[in-house]
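Enquirer: Following this message is one structure expressed as structure tokens.
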Amino acid sequence: MLAVVTLSGAARIADLRAQDLRAQKVEARVHRASSAQMPRNTCPVRTPGGAVGEPEDLRSVNGGLTVDLTLHNYKEADGWSRYCYTTQDGKESPNLRLNPGDLLILNLRNDLTEPNGVASAGNHHLHDGHKKQHDPCTASLMTSTSTNLHFHGLTIPSACHQDEVLRTSIQPQEKPFQYRFRIPANEPPGLYWYHPHIHGFSKAQVLGGASGAIVVEGIERAVKEVAGLPERVLVIRDRDLLHPDAPPAKSEPKLPPMLIDRDGDAVNNGTGFGKPAKDLSINFVPIPWPDYPPAVMEMKPGERQLWRVLNASALTYLNLELLLNRKPQPLGLVALDGVPLNRNGKPGAAVNWQTHLGVPPGGRVEFIVTGPSAKMEELLVTRTVDTGPVGENDPNRAIARIVASDDAPEPRSRLGNSTQPLVPPGVPWLGDAKPVRTRRLYFSEKPLDSANPSGPTQFFITTDGQEPSAFDPNSGIPNIVSEQGTVEDWIIENRSNELHTFHIHQLHFLLLDYLGRPANEPYLRDTVNVPYYNGRTLVYPSVRLRMDFRDPAAIGTFVYHCHLLEHEDGGMMGLIRVESPNPNPNPAQ
């Protein structure tokens, strides 16, 4: 159901602006309080149907950006476990904006508390058994109050204080932990993001709202069509249902009784309707089931903007459309997963015009939109996604109303007009590189207790020839060993009845084949869907990916996994070690 609220026009806009002003005054009073006096619910709560605000932009200056972030958690009145990042002055989940070559220094403080006072569970690996002597770089302590950061999509080393997530673990009450690294000089300009990656607890923290955007500046230097455009960063998150016991909207068709999966979420019913597994929000403005009151965005009539959209959901797939009088409007895709489409080293259009854009959890799309003409409205929606017979229900629903207004406020950021060429990639186009080998991997699932098929599920991603086993963070033994400087092809099958999303750290890859057919999409990405097995076809659904281990930053040990975070936390993750072709002969150095 694509519901819209009835109040519109100047009265509605004035009301929203008044609400926003009141919220800013309240927030300002909170920000003036010292952090020691700030309440547990330090992050503001937005109202369904409210105006879409923009995250604070923190920009690098003179080649560097220093940020102090604190991760908080608390229980909402409805029982939802909320997690949020704040700056020292209380700004929530800021956009981190840097240029290629800039130095990022991010000091992360952990302010997490135990949920409901229950002792945390997890993997305890304190070297000497004493928490006071915990080393955040090596102890690998994973509990409900542990945290760390993954800088999703950036080509930076898997090393402590950079982008290492297997051992790095920050505990409450410890001094702030410093992340320090440079954005590579040849990093493609586009949208990346940061989020926690504590194995076993990633879903809870990301589902609670712990995420934020990173923008590597300079996309106008790669795609001239966006030069000078106003831009918006839109972060779409999911959360537990605000009204889980509400009856369906009257406008929805009558459906068979709803099925619930092992985790308590609504199962895909194949109709495009019904209770969703999770609610959505856009820049923290909630869009709750069953009526989906869309948030509100203003644009000047007919204005063109660049929208940078991040699907920071823990579980929910998006299929975005922009509707005018129920007709899909053109969306000019210019970048996918942080990489401009024309970074393939070949001539061609830098804008790919589509009417809908699929965005898996963890994925990003950047596209040109044209606002409605005067006295008109557009509706940003997500269409239903078929996640398979045991996947979660992701139905049709509205996200935001786009209202034409002559006095619409300017977006926070506007792109520059530089024509200076970007630093070239430094290696030939990935599609022209010859792979040194082909590997096969597959997704699969099975009940934890074979005698109780409706009980908890184990999730696996397995290298062909190995026995399926859930990821063990204690092991340290890689499932795959590759060599830096090489390129490989990976064929990834899905042997389960549920849609999965493949993601790998530290690098991008090229989709070559989808369901056994060549994919004419010469775009780099770091997340991709692998279709579910319907139980009838003679072969399992698969994708073929060209993996790029040529960058020296790929040297090290890191992970690949399904980006549905309950699957990742449940064991659907593997370990890869990329070795230097010229190892140091002296191991002491």
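Residues are named by chain letter and number: chains run A, B, ... in the order of the structure tokens, numbers start at 1 in each chain, and ligands are numbered from 1 in the order shown.
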Write out as a VMD selection string which residues come within 6 Å of range 287-298 of chain A when counting only C-alpha atoms, dropping same-chain ones fewer than 4 positions away.

Expert: chain A and resid 48 to 52 248 to 249 279 to 281 398 to 404 408

Enquirer: Generate a file of the selected residues that holds C-alpha atoms, formatted as an mmCIF file, in the first residue's frame.

Expert:
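Written output follows (part22.cif):
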```
data_model
loop_
_atom_site.group_PDB
_atom_site.id
_atom_site.type_symbol
_atom_site.label_atom_id
_atom_site.label_comp_id
_atom_site.auth_asym_id
_atom_site.auth_seq_id
_atom_site.Cartn_x
_atom_site.Cartn_y
_atom_site.Cartn_z
ATOM 1 C CA PRO A 48 6.148 9.901 11.697
ATOM 2 C CA GLY A 49 5.207 12.081 8.759
ATOM 3 C CA GLY A 50 7.703 14.763 9.746
ATOM 4 C CA ALA A 51 10.131 16.751 7.649
ATOM 5 C CA VAL A 52 13.280 14.981 6.481
ATOM 6 C CA PRO A 248 -3.665 -4.024 8.638
ATOM 7 C CA ALA A 249 -4.768 -0.841 6.899
ATOM 8 C CA ASP A 279 9.645 -0.635 9.754
ATOM 9 C CA LEU A 280 11.719 1.868 7.785
ATOM 10 C CA SER A 281 12.941 5.392 8.497
ATOM 11 C CA ALA A 398 5.777 4.851 0.808
ATOM 12 C CA ILE A 399 8.916 6.538 2.121
ATOM 13 C CA ALA A 400 8.642 10.290 1.439
ATOM 14 C CA ARG A 401 6.456 12.919 -0.203
ATOM 15 C CA ILE A 402 8.385 15.395 -2.353
ATOM 16 C CA VAL A 403 6.554 18.724 -2.256
ATOM 17 C CA ALA A 404 7.210 21.577 -4.694
ATOM 18 C CA ALA A 408 11.986 25.345 -0.102
#
```

Enquirer: Would you mind listing what lies within 8 Å of His503 in chain A as number ranges by chain, with only C-alpha atoms counted and same-chain residues fewer than 5 positions away left out?

Expert: A: 526-528, 560-563

Enquirer: Limited to N, CA, C and O atoms, could you put the picked residues into a file as a CSV table (one decimal), in the first residue's frame?

Expert:
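Result went into out29.csv, see below:
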```
chain,number,residue,atom,x,y,z
A,526,ASP,N,30.3,-3.3,-4.1
A,526,ASP,CA,30.8,-4.2,-3.0
A,526,ASP,C,29.7,-5.0,-2.3
A,526,ASP,O,29.9,-5.7,-1.4
A,527,THR,N,28.5,-4.9,-2.9
A,527,THR,CA,27.4,-5.8,-2.4
A,527,THR,C,26.6,-6.2,-3.6
A,527,THR,O,26.4,-5.5,-4.6
A,528,VAL,N,26.1,-7.4,-3.6
A,528,VAL,CA,25.3,-7.9,-4.7
A,528,VAL,C,24.3,-9.0,-4.2
A,528,VAL,O,24.7,-9.8,-3.3
A,560,TYR,N,34.3,-11.8,4.3
A,560,TYR,CA,33.2,-11.7,3.4
A,560,TYR,C,32.0,-12.4,4.0
A,560,TYR,O,32.1,-13.3,4.8
A,561,HIS,N,30.8,-11.9,3.7
A,561,HIS,CA,29.6,-12.4,4.4
A,561,HIS,C,28.4,-12.0,3.7
A,561,HIS,O,28.4,-11.1,2.8
A,562,CYS,N,27.2,-12.5,4.2
A,562,CYS,CA,25.9,-12.0,3.8
A,562,CYS,C,25.7,-10.7,4.6
A,562,CYS,O,25.9,-10.7,5.8
A,563,HIS,N,25.1,-9.7,3.9
A,563,HIS,CA,24.9,-8.4,4.6
A,563,HIS,C,23.5,-8.3,5.3
A,563,HIS,O,23.2,-7.2,5.7
```

Enquirer: What's around Ser373 in chain A at 10 Å? Count only C-alpha atoms, leave out sequence neighbours fewer than 4 positions away in its own chain, and write the answer as JSON, numbers by chain.

Expert: {"A": [299, 300, 301, 302, 303, 377, 378, 403, 404, 405]}

Enquirer: Looking at A:Thr501, A:Asn283, A:Ser496, A:Ser140, which one is nearest to Ala314 in chain A, with distances taken over only C-alpha atoms?

Expert: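 Closest to Ala314 in chain A, using only C-alpha atoms: A:Thr501.
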
Enquirer: Looking at A:Ala335, A:Val285, A:Val390, A:Leu242, which one is nearest to Pro44 in chain A, with distances taken over only C-alpha atoms?

Expert: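 Result for the nearest residue to Pro44 in chain A: A:Val285.
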
Enquirer: Pick out the residues sitting within 9 Å of Cys84 in chain A, and hand them over as a list of chain:residue names; count only C-alpha atoms, and ignore anything fewer than 2 positions along from it in its own chain.

Expert: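 Listed by chain and then number, they are A:Thr42, A:Cys43, A:Thr70, A:Leu71, A:His72, A:Asn73, A:Arg82, A:Thr86, A:Glu92, A:Ser93, A:Gln205, A:Gly208, A:Gly209, A:Ala210, A:Ser211.
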
Enquirer: Go ahead and dump the residues you just picked, C-alpha atoms, as a compact mmCIF listing (two decimals), in the first residue's frame.

Expert:
```txt
# COMPACT_ATOMS: atom_id res chain seq x y z
CA THR A 42 20.40 11.51 24.11
CA CYS A 43 19.34 11.09 20.47
CA THR A 70 30.22 8.48 21.20
CA LEU A 71 28.00 5.43 20.76
CA HIS A 72 24.99 5.43 23.12
CA ASN A 73 22.10 3.04 23.66
CA ARG A 82 18.00 2.42 20.26
CA THR A 86 26.70 11.66 18.67
CA GLU A 92 23.63 12.62 15.55
CA SER A 93 25.31 10.37 12.97
CA GLN A 205 23.45 -2.19 16.93
CA GLY A 208 19.04 0.22 16.55
CA GLY A 209 20.33 3.03 14.32
CA ALA A 210 24.13 2.90 14.67
CA SER A 211 25.23 4.05 11.22
```

Enquirer: Report, in Å with one decimal, the straight-line distance from CA of Cys160 in chain A to CA of Ser475 in chain A.

Expert: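 One can read the CA of Cys160 in chain A to CA of Ser475 in chain A distance as 18.2 Å.
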
Enquirer: Ranking A:Asp135, A:Asp394, A:Glu54, A:Glu76 by minimum distance to Gly212 in chain A and counting only C-alpha atoms, which one comes first?

Expert: A:Glu54

Enquirer: Would you mind listing what lies within 10 Å of range 534-547 of chain A as a PyMOL selection string, with only C-alpha atoms counted and same-chain residues fewer than 5 positions away left out?

Expert: chain A and resi 388-389+430-431+433-435+438-443+486-498+502+504+507-519+524+526+528-529

Enquirer: Please report as JSON lines every residue of range 37-72 of chain A lying within 9 Å of range 171-192 of chain A, along with the nearest atom pair and their distance in Å (one decimal), using only C-alpha atoms.

Expert:
```
{"residue": "A:Gly64", "atom": "CA", "partner": "A:Arg182", "partner_atom": "CA", "distance": 8.7}
{"residue": "A:Asp68", "atom": "CA", "partner": "A:Pro176", "partner_atom": "CA", "distance": 8.4}
{"residue": "A:Leu69", "atom": "CA", "partner": "A:Pro176", "partner_atom": "CA", "distance": 8.7}
{"residue": "A:Thr70", "atom": "CA", "partner": "A:Pro176", "partner_atom": "CA", "distance": 8.5}
```

Enquirer: Can you list, as a short mmCIF file (atom, residue, chain, number, x, y, z; two decimals) with N, CA, C and O atoms, in the first residue's frame, every protein, DNA or RNA residue that comes within 8 Å of Asp240 in chain A when you count only C-alpha atoms, leaving out same-chain residues fewer than 5 positions away?

Expert:
```cif
data_model
loop_
_atom_site.label_atom_id
_atom_site.label_comp_id
_atom_site.auth_asym_id
_atom_site.auth_seq_id
_atom_site.Cartn_x
_atom_site.Cartn_y
_atom_site.Cartn_z
N TRP A 80 11.86 -0.61 22.07
CA TRP A 80 12.88 -0.71 21.04
C TRP A 80 14.24 -0.32 21.60
O TRP A 80 14.37 0.69 22.31
N LEU A 207 20.47 -2.31 13.59
CA LEU A 207 19.02 -2.20 13.62
C LEU A 207 18.57 -1.09 14.56
O LEU A 207 17.56 -0.43 14.34
N ALA A 277 8.54 -7.17 7.79
CA ALA A 277 9.40 -7.69 8.85
C ALA A 277 9.88 -6.56 9.75
O ALA A 277 9.97 -6.72 10.97
N LYS A 278 10.19 -5.41 9.14
CA LYS A 278 10.70 -4.26 9.89
C LYS A 278 10.09 -2.98 9.35
O LYS A 278 9.73 -2.89 8.17
N ASP A 279 9.97 -1.98 10.20
CA ASP A 279 9.65 -0.63 9.75
C ASP A 279 10.87 0.02 9.13
O ASP A 279 12.01 -0.43 9.34
#
```

Enquirer: Give the alpha helix (DSSP H) residues of range 216-414 of chain A, as assigned by DSSP on the backbone, as a PDB file with N, CA and C atoms, in the first residue's frame.

Expert:
```pdb
ATOM      1  N   ILE A 219      32.776  13.817  -7.010  1.00  0.00           N
ATOM      2  CA  ILE A 219      32.043  13.072  -8.028  1.00  0.00           C
ATOM      3  C   ILE A 219      31.798  13.916  -9.268  1.00  0.00           C
ATOM      4  N   GLU A 220      31.714  15.266  -9.105  1.00  0.00           N
ATOM      5  CA  GLU A 220      31.510  16.123 -10.274  1.00  0.00           C
ATOM      6  C   GLU A 220      32.711  16.088 -11.210  1.00  0.00           C
ATOM      7  N   ARG A 221      33.862  15.673 -10.717  1.00  0.00           N
ATOM      8  CA  ARG A 221      35.051  15.541 -11.558  1.00  0.00           C
ATOM      9  C   ARG A 221      34.996  14.272 -12.405  1.00  0.00           C
ATOM     10  N   ALA A 222      34.140  13.328 -12.010  1.00  0.00           N
ATOM     11  CA  ALA A 222      33.969  12.090 -12.771  1.00  0.00           C
ATOM     12  C   ALA A 222      32.716  12.126 -13.631  1.00  0.00           C
TER      13      ALA A 222
END
```

Enquirer: Could you please determine the separation between CA of Asn396 in chain A and CA of Arg304 in chain A in Å, to one decimal place?

Expert: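 CA of Asn396 in chain A sits 25.9 Å away from CA of Arg304 in chain A.
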
Enquirer: Near Thr145 in chain A, counting only C-alpha atoms, which residues have an atom at most 9 Å away, once you skip same-chain residues fewer than 5 positions from it, shown as a ChimeraX atom specification?

Expert: /A:110-115,120,170-172,201

Enquirer: How many Å separate CA of Lys254 in chain A from CA of Val385 in chain A?

Expert: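 So the two atoms, CA of Lys254 in chain A and CA of Val385 in chain A, lie 19.4 Å apart.
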
Enquirer: When distances are computed from only C-alpha atoms, which of A:His505, A:His152, A:Lys375, A:Arg237 shows the smallest separation from Leu318 in chain A?

Expert: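 Residue with the minimum atom-to-atom distance to Leu318 in chain A: A:Arg237.
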
Enquirer: With distances taken over only C-alpha atoms, which of A:Val61, A:Ile198, A:Leu241, A:Leu357 is nearest to Asp265 in chain A?

Expert: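 Result for the nearest residue to Asp265 in chain A: A:Leu241.
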